[in-house]
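For reference, start_36.cif (mmCIF, C-alpha atoms):
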data_my_file
#
loop_
_atom_site.group_PDB
_atom_site.id
_atom_site.type_symbol
_atom_site.label_atom_id
_atom_site.label_comp_id
_atom_site.auth_asym_id
_atom_site.auth_seq_id
_atom_site.Cartn_x
_atom_site.Cartn_y
_atom_site.Cartn_z
ATOM 1 C CA MET A 1438 -21.438 99.470 2.913
ATOM 2 C CA SER A 1439 -21.111 96.917 0.113
ATOM 3 C CA GLU A 1440 -20.000 98.098 -3.318
ATOM 4 C CA ALA A 1441 -23.349 97.051 -4.771
ATOM 5 C CA MET A 1442 -25.150 99.549 -2.497
ATOM 6 C CA LEU A 1443 -22.966 102.565 -3.281
ATOM 7 C CA THR A 1444 -24.397 105.422 -5.346
ATOM 8 C CA TRP A 1445 -22.661 107.712 -7.798
ATOM 9 C CA ILE A 1446 -23.255 110.928 -9.721
ATOM 10 C CA ASP A 1447 -21.954 111.225 -13.280
ATOM 11 C CA THR A 1448 -21.219 114.941 -13.524
ATOM 12 C CA HIS A 1449 -20.707 114.963 -17.288
ATOM 13 C CA VAL A 1450 -22.429 112.696 -19.814
ATOM 14 C CA HIS A 1451 -24.032 113.413 -23.189
ATOM 15 C CA TRP A 1452 -27.096 111.151 -23.225
ATOM 16 C CA ASP A 1453 -28.445 113.072 -26.211
ATOM 17 C CA ALA A 1454 -25.451 112.109 -28.381
ATOM 18 C CA ALA A 1455 -26.190 110.228 -31.589
ATOM 19 C CA GLU A 1456 -23.970 107.369 -30.409
ATOM 20 C CA PHE A 1457 -26.770 106.390 -28.012
ATOM 21 C CA ASP A 1458 -29.585 106.473 -30.574
ATOM 22 C CA GLN A 1459 -29.689 102.694 -31.015
ATOM 23 C CA ASP A 1460 -29.807 101.690 -27.328
ATOM 24 C CA ARG A 1461 -30.199 104.825 -25.187
ATOM 25 C CA GLU A 1462 -32.880 103.392 -22.884
ATOM 26 C CA ALA A 1463 -30.929 100.181 -22.298
ATOM 27 C CA ALA A 1464 -27.775 102.185 -21.554
ATOM 28 C CA LEU A 1465 -29.681 104.312 -19.047
ATOM 29 C CA VAL A 1466 -30.942 101.168 -17.342
ATOM 30 C CA ARG A 1467 -27.372 99.836 -17.173
ATOM 31 C CA ALA A 1468 -26.247 103.075 -15.553
ATOM 32 C CA LYS A 1469 -28.921 102.882 -12.848
ATOM 33 C CA LEU A 1470 -28.153 99.220 -12.178
ATOM 34 C CA ALA A 1471 -24.497 100.192 -11.695
ATOM 35 C CA GLY A 1472 -25.492 102.626 -8.944
ATOM 36 C CA VAL A 1473 -25.474 105.878 -10.930
ATOM 37 C CA THR A 1474 -28.422 107.806 -9.493
ATOM 38 C CA HIS A 1475 -27.945 111.202 -11.174
ATOM 39 C CA CYS A 1476 -26.302 112.447 -14.370
ATOM 40 C CA LEU A 1477 -25.515 116.003 -15.401
ATOM 41 C CA ASN A 1478 -26.304 116.228 -19.113
ATOM 42 C CA PRO A 1479 -24.867 119.370 -20.772
ATOM 43 C CA SER A 1480 -25.723 120.536 -24.261
ATOM 44 C CA VAL A 1481 -23.201 121.378 -26.961
ATOM 45 C CA SER A 1482 -25.461 123.578 -29.106
ATOM 46 C CA VAL A 1483 -28.879 125.223 -29.082
ATOM 47 C CA SER A 1484 -30.224 122.460 -31.322
ATOM 48 C CA GLY A 1485 -29.847 119.957 -28.486
ATOM 49 C CA PHE A 1486 -31.900 121.813 -25.886
ATOM 50 C CA SER A 1487 -35.239 120.171 -26.612
ATOM 51 C CA GLN A 1488 -33.924 116.604 -26.540
ATOM 52 C CA ILE A 1489 -32.019 117.169 -23.300
ATOM 53 C CA GLN A 1490 -35.122 118.703 -21.712
ATOM 54 C CA ALA A 1491 -37.275 115.788 -22.889
ATOM 55 C CA LEU A 1492 -34.832 113.195 -21.552
ATOM 56 C CA ALA A 1493 -34.642 114.968 -18.200
ATOM 57 C CA GLU A 1494 -38.432 115.052 -17.919
ATOM 58 C CA ALA A 1495 -38.706 111.383 -18.901
ATOM 59 C CA SER A 1496 -36.149 110.393 -16.263
ATOM 60 C CA HIS A 1497 -38.370 111.723 -13.501
ATOM 61 C CA SER A 1498 -41.068 109.195 -14.325
ATOM 62 C CA CYS A 1499 -38.784 106.230 -14.979
ATOM 63 C CA ASN A 1500 -37.461 104.507 -11.876
ATOM 64 C CA ASP A 1501 -35.143 102.380 -14.017
ATOM 65 C CA TRP A 1502 -33.118 105.398 -15.161
ATOM 66 C CA PRO A 1503 -30.851 107.793 -13.288
ATOM 67 C CA THR A 1504 -32.300 111.246 -12.752
ATOM 68 C CA LEU A 1505 -30.984 113.406 -15.589
ATOM 69 C CA LEU A 1506 -30.066 116.963 -14.646
ATOM 70 C CA PRO A 1507 -30.012 119.291 -17.673
ATOM 71 C CA ALA A 1508 -27.428 121.954 -18.406
ATOM 72 C CA TYR A 1509 -27.683 124.302 -21.364
ATOM 73 C CA GLY A 1510 -24.874 126.051 -23.190
ATOM 74 C CA ILE A 1511 -22.856 126.350 -26.380
ATOM 75 C CA HIS A 1512 -19.679 124.257 -26.554
ATOM 76 C CA PRO A 1513 -16.526 126.015 -27.834
ATOM 77 C CA LEU A 1514 -16.109 123.474 -30.623
ATOM 78 C CA TYR A 1515 -19.580 124.408 -31.919
ATOM 79 C CA VAL A 1516 -19.194 128.190 -32.105
ATOM 80 C CA ASP A 1517 -18.774 128.080 -35.882
ATOM 81 C CA GLN A 1518 -22.346 126.778 -36.082
ATOM 82 C CA ILE A 1519 -23.779 129.536 -33.920
ATOM 83 C CA GLN A 1520 -26.690 131.541 -35.319
ATOM 84 C CA PRO A 1521 -27.218 135.270 -34.649
ATOM 85 C CA ASP A 1522 -29.965 134.648 -32.097
ATOM 86 C CA ASP A 1523 -28.495 131.590 -30.350
ATOM 87 C CA LEU A 1524 -27.432 133.441 -27.203
ATOM 88 C CA GLN A 1525 -30.932 134.909 -26.961
ATOM 89 C CA ARG A 1526 -32.367 131.408 -27.391
ATOM 90 C CA LEU A 1527 -30.081 130.169 -24.626
ATOM 91 C CA GLU A 1528 -31.301 132.878 -22.292
ATOM 92 C CA ALA A 1529 -34.903 132.062 -23.165
ATOM 93 C CA GLN A 1530 -34.218 128.426 -22.325
ATOM 94 C CA LEU A 1531 -32.728 129.419 -18.960
ATOM 95 C CA ARG A 1532 -35.834 131.434 -18.145
ATOM 96 C CA ALA A 1533 -38.334 128.834 -19.309
ATOM 97 C CA HIS A 1534 -36.594 125.714 -17.963
ATOM 98 C CA ARG A 1535 -34.172 126.752 -15.254
ATOM 99 C CA PRO A 1536 -31.437 124.095 -15.489
ATOM 100 C CA PHE A 1537 -28.946 122.894 -12.898
ATOM 101 C CA ALA A 1538 -26.027 124.555 -14.694
ATOM 102 C CA ILE A 1539 -24.891 126.353 -17.825
ATOM 103 C CA GLY A 1540 -22.696 124.173 -19.982
ATOM 104 C CA GLU A 1541 -20.820 122.843 -21.674
ATOM 105 C CA ILE A 1542 -18.991 126.128 -22.141
ATOM 106 C CA GLY A 1543 -15.369 127.221 -22.187
ATOM 107 C CA LEU A 1544 -12.332 127.350 -24.430
ATOM 108 C CA ASP A 1545 -10.452 124.838 -26.581
ATOM 109 C CA ALA A 1546 -6.972 125.512 -27.976
ATOM 110 C CA TYR A 1547 -6.478 122.094 -29.539
ATOM 111 C CA THR A 1548 -5.237 122.014 -33.129
ATOM 112 C CA GLY A 1549 -8.128 122.565 -35.526
ATOM 113 C CA ALA A 1550 -10.472 124.147 -32.972
ATOM 114 C CA PRO A 1551 -12.578 127.136 -34.081
ATOM 115 C CA ASP A 1552 -11.218 130.683 -33.999
ATOM 116 C CA PHE A 1553 -10.126 131.357 -30.427
ATOM 117 C CA ALA A 1554 -11.335 134.957 -30.377
ATOM 118 C CA LYS A 1555 -14.814 133.791 -31.381
ATOM 119 C CA GLN A 1556 -14.739 131.106 -28.703
ATOM 120 C CA GLN A 1557 -13.749 133.786 -26.198
ATOM 121 C CA ARG A 1558 -16.673 136.063 -27.102
ATOM 122 C CA VAL A 1559 -19.230 133.258 -26.820
ATOM 123 C CA PHE A 1560 -17.686 132.012 -23.574
ATOM 124 C CA GLU A 1561 -17.766 135.429 -21.922
ATOM 125 C CA ALA A 1562 -21.356 136.024 -23.016
ATOM 126 C CA GLN A 1563 -22.376 132.753 -21.376
ATOM 127 C CA LEU A 1564 -20.464 133.569 -18.195
ATOM 128 C CA HIS A 1565 -22.463 136.789 -17.962
ATOM 129 C CA LEU A 1566 -25.651 134.726 -18.244
ATOM 130 C CA ALA A 1567 -24.384 132.452 -15.474
ATOM 131 C CA ALA A 1568 -23.842 135.482 -13.271
ATOM 132 C CA THR A 1569 -27.220 136.970 -14.151
ATOM 133 C CA TYR A 1570 -29.144 133.768 -13.442
ATOM 134 C CA GLN A 1571 -26.804 132.593 -10.657
ATOM 135 C CA LEU A 1572 -26.145 129.207 -12.196
ATOM 136 C CA PRO A 1573 -22.912 127.203 -11.903
ATOM 137 C CA VAL A 1574 -21.026 126.458 -15.112
ATOM 138 C CA LEU A 1575 -19.642 123.253 -16.617
ATOM 139 C CA LEU A 1576 -16.282 124.220 -18.071
ATOM 140 C CA HIS A 1577 -14.504 122.811 -21.115
ATOM 141 C CA VAL A 1578 -10.804 123.600 -20.654
ATOM 142 C CA ARG A 1579 -8.877 121.495 -23.197
ATOM 143 C CA HIS A 1580 -5.403 122.997 -23.736
ATOM 144 C CA ALA A 1581 -6.831 126.253 -22.386
ATOM 145 C CA VAL A 1582 -6.889 126.048 -18.589
ATOM 146 C CA GLU A 1583 -4.951 129.289 -18.055
ATOM 147 C CA ALA A 1584 -7.085 131.191 -20.586
ATOM 148 C CA VAL A 1585 -10.246 129.957 -18.876
ATOM 149 C CA ILE A 1586 -8.939 131.002 -15.459
ATOM 150 C CA GLN A 1587 -7.992 134.474 -16.678
ATOM 151 C CA THR A 1588 -11.402 134.888 -18.310
ATOM 152 C CA LEU A 1589 -13.159 133.893 -15.096
ATOM 153 C CA LYS A 1590 -11.062 136.372 -13.130
ATOM 154 C CA ARG A 1591 -11.748 139.156 -15.624
ATOM 155 C CA VAL A 1592 -15.503 138.548 -15.474
ATOM 156 C CA GLN A 1593 -15.417 138.431 -11.680
ATOM 157 C CA ARG A 1594 -13.460 141.705 -11.546
ATOM 158 C CA SER A 1595 -16.168 143.339 -13.645
ATOM 159 C CA GLY A 1596 -18.569 142.729 -10.773
ATOM 160 C CA GLN A 1597 -20.241 139.630 -12.235
ATOM 161 C CA LYS A 1598 -20.353 136.882 -9.600
ATOM 162 C CA ILE A 1599 -20.285 133.348 -11.034
ATOM 163 C CA PRO A 1600 -21.447 130.717 -8.499
ATOM 164 C CA GLY A 1601 -18.682 128.213 -9.218
ATOM 165 C CA GLY A 1602 -19.110 125.066 -11.237
ATOM 166 C CA ILE A 1603 -17.117 122.079 -12.477
ATOM 167 C CA ALA A 1604 -13.953 122.085 -14.582
ATOM 168 C CA HIS A 1605 -14.732 119.066 -16.744
ATOM 169 C CA ALA A 1606 -11.853 116.693 -17.585
ATOM 170 C CA PHE A 1607 -9.398 118.833 -15.666
ATOM 171 C CA ASN A 1608 -5.904 118.579 -17.109
ATOM 172 C CA GLY A 1609 -4.062 121.564 -15.682
ATOM 173 C CA SER A 1610 -1.400 122.048 -13.030
ATOM 174 C CA ALA A 1611 -1.759 121.868 -9.268
ATOM 175 C CA VAL A 1612 -1.459 125.662 -9.106
ATOM 176 C CA GLN A 1613 -4.243 126.085 -11.662
ATOM 177 C CA ALA A 1614 -6.353 123.554 -9.790
ATOM 178 C CA GLN A 1615 -6.034 125.597 -6.618
ATOM 179 C CA GLN A 1616 -6.980 128.795 -8.425
ATOM 180 C CA LEU A 1617 -10.191 127.167 -9.676
ATOM 181 C CA ILE A 1618 -10.923 125.704 -6.243
ATOM 182 C CA ASP A 1619 -10.492 129.163 -4.723
ATOM 183 C CA MET A 1620 -13.115 130.454 -7.187
ATOM 184 C CA GLY A 1621 -15.605 127.807 -6.080
ATOM 185 C CA PHE A 1622 -15.008 125.185 -8.745
ATOM 186 C CA LEU A 1623 -14.889 121.426 -8.456
ATOM 187 C CA LEU A 1624 -12.599 119.398 -10.701
ATOM 188 C CA GLY A 1625 -13.892 116.483 -12.774
ATOM 189 C CA PHE A 1626 -12.002 113.204 -13.187
ATOM 190 C CA GLY A 1627 -12.977 110.359 -15.477
ATOM 191 C CA GLY A 1628 -11.517 107.872 -17.904
ATOM 192 C CA GLY A 1629 -8.266 109.788 -18.298
ATOM 193 C CA CYS A 1630 -7.065 108.826 -14.844
ATOM 194 C CA THR A 1631 -7.353 105.102 -15.669
ATOM 195 C CA TYR A 1632 -4.381 105.343 -18.067
ATOM 196 C CA GLU A 1633 -1.076 104.788 -16.279
ATOM 197 C CA GLY A 1634 0.631 107.180 -18.688
ATOM 198 C CA SER A 1635 -1.608 110.061 -17.557
ATOM 199 C CA THR A 1636 0.727 110.798 -14.680
ATOM 200 C CA ARG A 1637 -0.305 114.414 -14.014
ATOM 201 C CA ILE A 1638 -4.020 113.651 -14.027
ATOM 202 C CA ARG A 1639 -3.483 110.640 -11.752
ATOM 203 C CA ALA A 1640 -1.374 112.703 -9.361
ATOM 204 C CA LEU A 1641 -4.062 115.380 -9.172
ATOM 205 C CA ALA A 1642 -6.792 112.797 -8.606
ATOM 206 C CA ALA A 1643 -4.695 111.390 -5.766
ATOM 207 C CA GLN A 1644 -3.585 114.597 -4.088
ATOM 208 C CA LEU A 1645 -6.258 117.277 -4.474
ATOM 209 C CA PRO A 1646 -8.550 117.845 -1.496
ATOM 210 C CA LEU A 1647 -11.359 115.300 -1.455
ATOM 211 C CA THR A 1648 -13.790 118.203 -1.113
ATOM 212 C CA ALA A 1649 -12.713 119.457 -4.554
ATOM 213 C CA ILE A 1650 -13.195 116.445 -6.831
ATOM 214 C CA VAL A 1651 -16.130 114.910 -8.671
ATOM 215 C CA LEU A 1652 -16.430 111.966 -11.035
ATOM 216 C CA GLU A 1653 -17.553 111.893 -14.658
ATOM 217 C CA THR A 1654 -17.551 109.723 -17.757
ATOM 218 C CA ASP A 1655 -18.079 112.215 -20.625
ATOM 219 C CA ALA A 1656 -19.861 109.297 -22.308
ATOM 220 C CA PRO A 1657 -19.911 108.451 -25.129
ATOM 221 C CA ASP A 1658 -16.371 109.883 -25.161
ATOM 222 C CA MET A 1659 -13.301 109.685 -22.873
ATOM 223 C CA SER A 1660 -13.469 105.914 -22.523
ATOM 224 C CA PRO A 1661 -11.448 104.330 -19.706
ATOM 225 C CA VAL A 1662 -8.463 102.168 -20.552
ATOM 226 C CA TRP A 1663 -10.479 98.928 -20.596
ATOM 227 C CA LEU A 1664 -12.792 100.399 -23.267
ATOM 228 C CA HIS A 1665 -10.106 102.175 -25.271
ATOM 229 C CA GLY A 1666 -11.436 102.894 -28.754
ATOM 230 C CA GLN A 1667 -14.979 101.886 -27.803
ATOM 231 C CA ARG A 1668 -18.052 103.850 -26.744
ATOM 232 C CA ASN A 1669 -18.110 104.934 -23.131
ATOM 233 C CA GLU A 1670 -21.175 104.685 -20.853
ATOM 234 C CA SER A 1671 -22.224 105.972 -17.439
ATOM 235 C CA ASN A 1672 -22.212 102.430 -16.081
ATOM 236 C CA GLN A 1673 -18.405 102.614 -16.156
ATOM 237 C CA LEU A 1674 -18.368 105.295 -13.448
ATOM 238 C CA PRO A 1675 -18.080 102.882 -10.477
ATOM 239 C CA LEU A 1676 -15.073 101.267 -12.166
ATOM 240 C CA VAL A 1677 -13.471 104.674 -12.709
ATOM 241 C CA ALA A 1678 -14.202 105.353 -9.040
ATOM 242 C CA LYS A 1679 -12.222 102.248 -8.091
ATOM 243 C CA THR A 1680 -9.192 103.708 -9.841
ATOM 244 C CA VAL A 1681 -9.569 107.051 -8.067
ATOM 245 C CA ALA A 1682 -10.105 105.378 -4.684
ATOM 246 C CA ALA A 1683 -6.985 103.268 -5.199
ATOM 247 C CA LEU A 1684 -4.951 106.332 -6.171
ATOM 248 C CA ARG A 1685 -6.133 108.136 -3.045
ATOM 249 C CA GLN A 1686 -5.832 105.011 -0.855
ATOM 250 C CA ILE A 1687 -9.351 105.450 0.502
ATOM 251 C CA SER A 1688 -12.438 103.243 0.484
ATOM 252 C CA LEU A 1689 -15.024 103.339 -2.267
ATOM 253 C CA THR A 1690 -17.583 104.251 0.389
ATOM 254 C CA ALA A 1691 -15.587 107.329 1.377
ATOM 255 C CA LEU A 1692 -15.212 108.366 -2.259
ATOM 256 C CA SER A 1693 -18.902 107.851 -3.010
ATOM 257 C CA GLU A 1694 -20.004 109.880 -0.002
ATOM 258 C CA ALA A 1695 -17.530 112.676 -0.645
ATOM 259 C CA THR A 1696 -18.126 113.121 -4.367
ATOM 260 C CA THR A 1697 -21.908 112.903 -3.999
ATOM 261 C CA GLY A 1698 -21.772 115.491 -1.235
ATOM 262 C CA ASN A 1699 -19.586 117.775 -3.336
ATOM 263 C CA VAL A 1700 -22.098 117.763 -6.186
ATOM 264 C CA ALA A 1701 -25.039 118.271 -3.835
ATOM 265 C CA ARG A 1702 -23.403 121.334 -2.284
ATOM 266 C CA LEU A 1703 -22.654 122.821 -5.690
ATOM 267 C CA LEU A 1704 -26.050 122.271 -7.247
ATOM 268 C CA GLY A 1705 -28.129 122.883 -4.151
ATOM 269 C CA ARG A 1706 -31.380 121.668 -5.668
ATOM 270 C CA LEU A 1707 -30.145 118.094 -6.018
ATOM 271 C CA THR A 1708 -32.262 117.016 -3.055
ATOM 272 C CA ASN A 1709 -35.140 119.347 -3.929
ATOM 273 C CA GLY A 1710 -37.199 117.723 -6.640
ATOM 274 C CA ALA A 1711 -34.454 115.543 -8.081
ATOM 275 C CA SER A 1712 -33.595 113.270 -5.197
ATOM 276 C CA ALA A 1713 -32.191 109.768 -5.590
ATOM 277 C CA ARG A 1714 -34.763 107.051 -6.036
#
This structure in structure tokens:
Amino acid sequence: MSEAMLTWIDTHVHWDAAEFDQDREAALVRAKLAGVTHCLNPSVSVSGFSQIQALAEASHSCNDWPTLLPAYGIHPLYVDQIQPDDLQRLEAQLRAHRPFAIGEIGLDAYTGAPDFAKQQRVFEAQLHLAATYQLPVLLHVRHAVEAVIQTLKRVQRSGQKIPGGIAHAFNGSAVQAQQLIDMGFLLGFGGGCTYEGSTRIRALAAQLPLTAIVLETDAPDMSPVWLHGQRNESNQLPLVAKTVAALRQISLTALSEATTGNVARLLGRLTNGASAR
């Protein structure tokens, strides 16, 4: 199959971000022209739910855009903005507009991040919702992979079954990767693996089982090396895929088929009402 005919799924992109306000529709068209047929669009706070829902609905009637798959959650870097009823509002959103996943949720131990104990409480509450509504989760794991893994294990031991998900921008060890895989998680790779200095990420992208990886942009963030310091877009995903395919020494066709299949198996409903156009 020619490269121009290959299709891709961007498993993490923030189309609702303010950085796209000036040219969002044009950027969506560029993504579709590049072969990106579906995009998982997670929220970062309750205030973003309505826009993400509206964009997802609009994508179903616009053949020039990828199909946008909504995910709802509260990002760990936004827990200081949380209101007393935000978790109740999240649950109401899950009931009213069942999404494809809960996210972006998780933990962040980077310098300057919000209080870790507060992050932990909000994360665990959202994991319980994921178990209750049997939705996969989109994990944020920056500088906190081990803490995320231990939290997942603790929730699972309590009898709450979480139906897997995606560890976005995975940056842990091979041992941690295997632990997440064993719990039903896929691992997301994007712009980070295009930097030659990112040796651990590149090694993981090359060596992990093909059944365990998915591709992402995290647009407008996590720009690949050729856009360093500039806004990222979903249309860069096929170029990121070239890097991953080269690292793995496989064809782009094989990578496209494998990563698309991985997402379809995780989300289940991908071909039921949100099929590629």
Between CA of Leu1572 (chain A) and CA of Ala1584 (chain A), measure the distance and give it in Å to one decimal.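 Atom-to-atom, CA of Leu1572 (chain A) and CA of Ala1584 (chain A) are spaced 20.9 Å apart.
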Tell me which residues the PyMOL selection byres ((chain A and resi 1532) around 12) grabs here, as a PDB file with C-alpha atoms, keeping the file's coordinate frame.
ATOM      1  CA  TYR A1509     -27.683 124.302 -21.364  1.00  0.00           C
ATOM      2  CA  GLN A1525     -30.932 134.909 -26.961  1.00  0.00           C
ATOM      3  CA  ARG A1526     -32.367 131.408 -27.391  1.00  0.00           C
ATOM      4  CA  LEU A1527     -30.081 130.169 -24.626  1.00  0.00           C
ATOM      5  CA  GLU A1528     -31.301 132.878 -22.292  1.00  0.00           C
ATOM      6  CA  ALA A1529     -34.903 132.062 -23.165  1.00  0.00           C
ATOM      7  CA  GLN A1530     -34.218 128.426 -22.325  1.00  0.00           C
ATOM      8  CA  LEU A1531     -32.728 129.419 -18.960  1.00  0.00           C
ATOM      9  CA  ALA A1533     -38.334 128.834 -19.309  1.00  0.00           C
ATOM     10  CA  HIS A1534     -36.594 125.714 -17.963  1.00  0.00           C
ATOM     11  CA  ARG A1535     -34.172 126.752 -15.254  1.00  0.00           C
ATOM     12  CA  PRO A1536     -31.437 124.095 -15.489  1.00  0.00           C
ATOM     13  CA  LEU A1566     -25.651 134.726 -18.244  1.00  0.00           C
ATOM     14  CA  ALA A1567     -24.384 132.452 -15.474  1.00  0.00           C
ATOM     15  CA  THR A1569     -27.220 136.970 -14.151  1.00  0.00           C
ATOM     16  CA  TYR A1570     -29.144 133.768 -13.442  1.00  0.00           C
ATOM     17  CA  GLN A1571     -26.804 132.593 -10.657  1.00  0.00           C
ATOM     18  CA  LEU A1572     -26.145 129.207 -12.196  1.00  0.00           C
TER      19      LEU A1572
END
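If only C-alpha atoms are the atoms counted, then among A:Ala1656, A:Ile1489, A:Ala1682, A:Ala1454 the closest residue to Ala1468 (chain A) is A:Ala1656.
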Test item: the PyMOL selection byres ((chain A and resi 1556) around 9) resolved as JSON, numbers by chain: {"A": [1512, 1513, 1514, 1515, 1516, 1517, 1543, 1544, 1545, 1551, 1552, 1553, 1554, 1555, 1557, 1558, 1559, 1560, 1561]}
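With CA of Ala1546 (chain A) on one side and CA of His1580 (chain A) on the other, the separation reads 5.2 Å.
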Can you list, as a PyMOL selection string, the residues that the PyMOL selection byres ((chain A and resi 1542) around 6) selects here? chain A and resi 1510-1512+1540-1541+1543+1576-1577
Do you know which residues are at most 10 Å from Leu1676 (chain A) counting all atoms listed in the file, after dropping those on the same chain fewer than 6 positions away, and could you put them as a list of chain:residue names?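 What passes the distance filter is A:Ala1471, A:Gly1627, A:Gly1628, A:Thr1631, A:Pro1661, A:Trp1663, A:Ala1682.
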Shortest interatomic distance to Thr1690 (chain A) - which of A:Ile1638, A:Ala1508, A:Leu1443, A:Leu1492, counting all atoms listed in the file: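 That would be A:Leu1443, the residue with the smallest distance to Thr1690 (chain A).
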Can you tell me, as an MDAnalysis selection string, what residues are no more than 10 Å from Lys1590 (chain A) when counting all atoms listed in the file, ignoring any on the same chain fewer than 4 positions away? chainID A and resid 1584:1586 1594:1595 1597:1599 1616:1617 1620
Measure the distance from CA of Gly1602 (chain A) to CA of Gln1520 (chain A) in Å and round it to one decimal.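 Answer for the CA of Gly1602 (chain A) to CA of Gln1520 (chain A) separation: 26.1 Å.
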Using all atoms listed in the file, which protein or nucleic acid residues come within 9 Å of Ala1642 (chain A)? Drop anything in the same chain fewer than 4 positions from it, and give the result as a PyMOL selection string. chain A and resi 1626+1630+1637-1638+1646-1647+1650+1681+1684-1685
Nearest-residue call for Gly1621 (chain A), choices A:Leu1692, A:Glu1670, A:Val1700, A:Leu1641, using only C-alpha atoms: A:Val1700
Given the choices A:Gly1596, A:Gly1629, A:Pro1675, A:Pro1657, which gets closest to Val1473 (chain A) if the distance is worked out from only C-alpha atoms?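 Under the stated criterion, the closest residue is A:Pro1675.
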Listed atoms of region 1564-1582 of chain A, axis-aligned box, 5 Å per side: centre and edge lengths to one decimal in Å, as AutoDock Vina command-line options?
--center_x -17.3 --center_y 129.2 --center_z -17.2 --size_x 33.7 --size_y 25.5 --size_z 23.1
Using all atoms listed in the file: which of A:Ala1614, A:Val1481, A:Ala1649, A:Val1662 has the shortest distance to Glu1633 (chain A): A:Val1662
For each of A:Thr1636, A:Ser1671, A:Gln1563, A:Gln1686, take the minimum atom-to-atom distance to Asn1478 (chain A), counting all atoms listed in the file, then give the residue where this is smallest. A:Ser1671
Skipping near chain neighbours, those fewer than 2 positions away, what residues fall within 7 Å of Gly1625 (chain A) using all atoms listed in the file, listed as a ChimeraX atom specification? /A:1603-1607,1623,1627,1650-1653
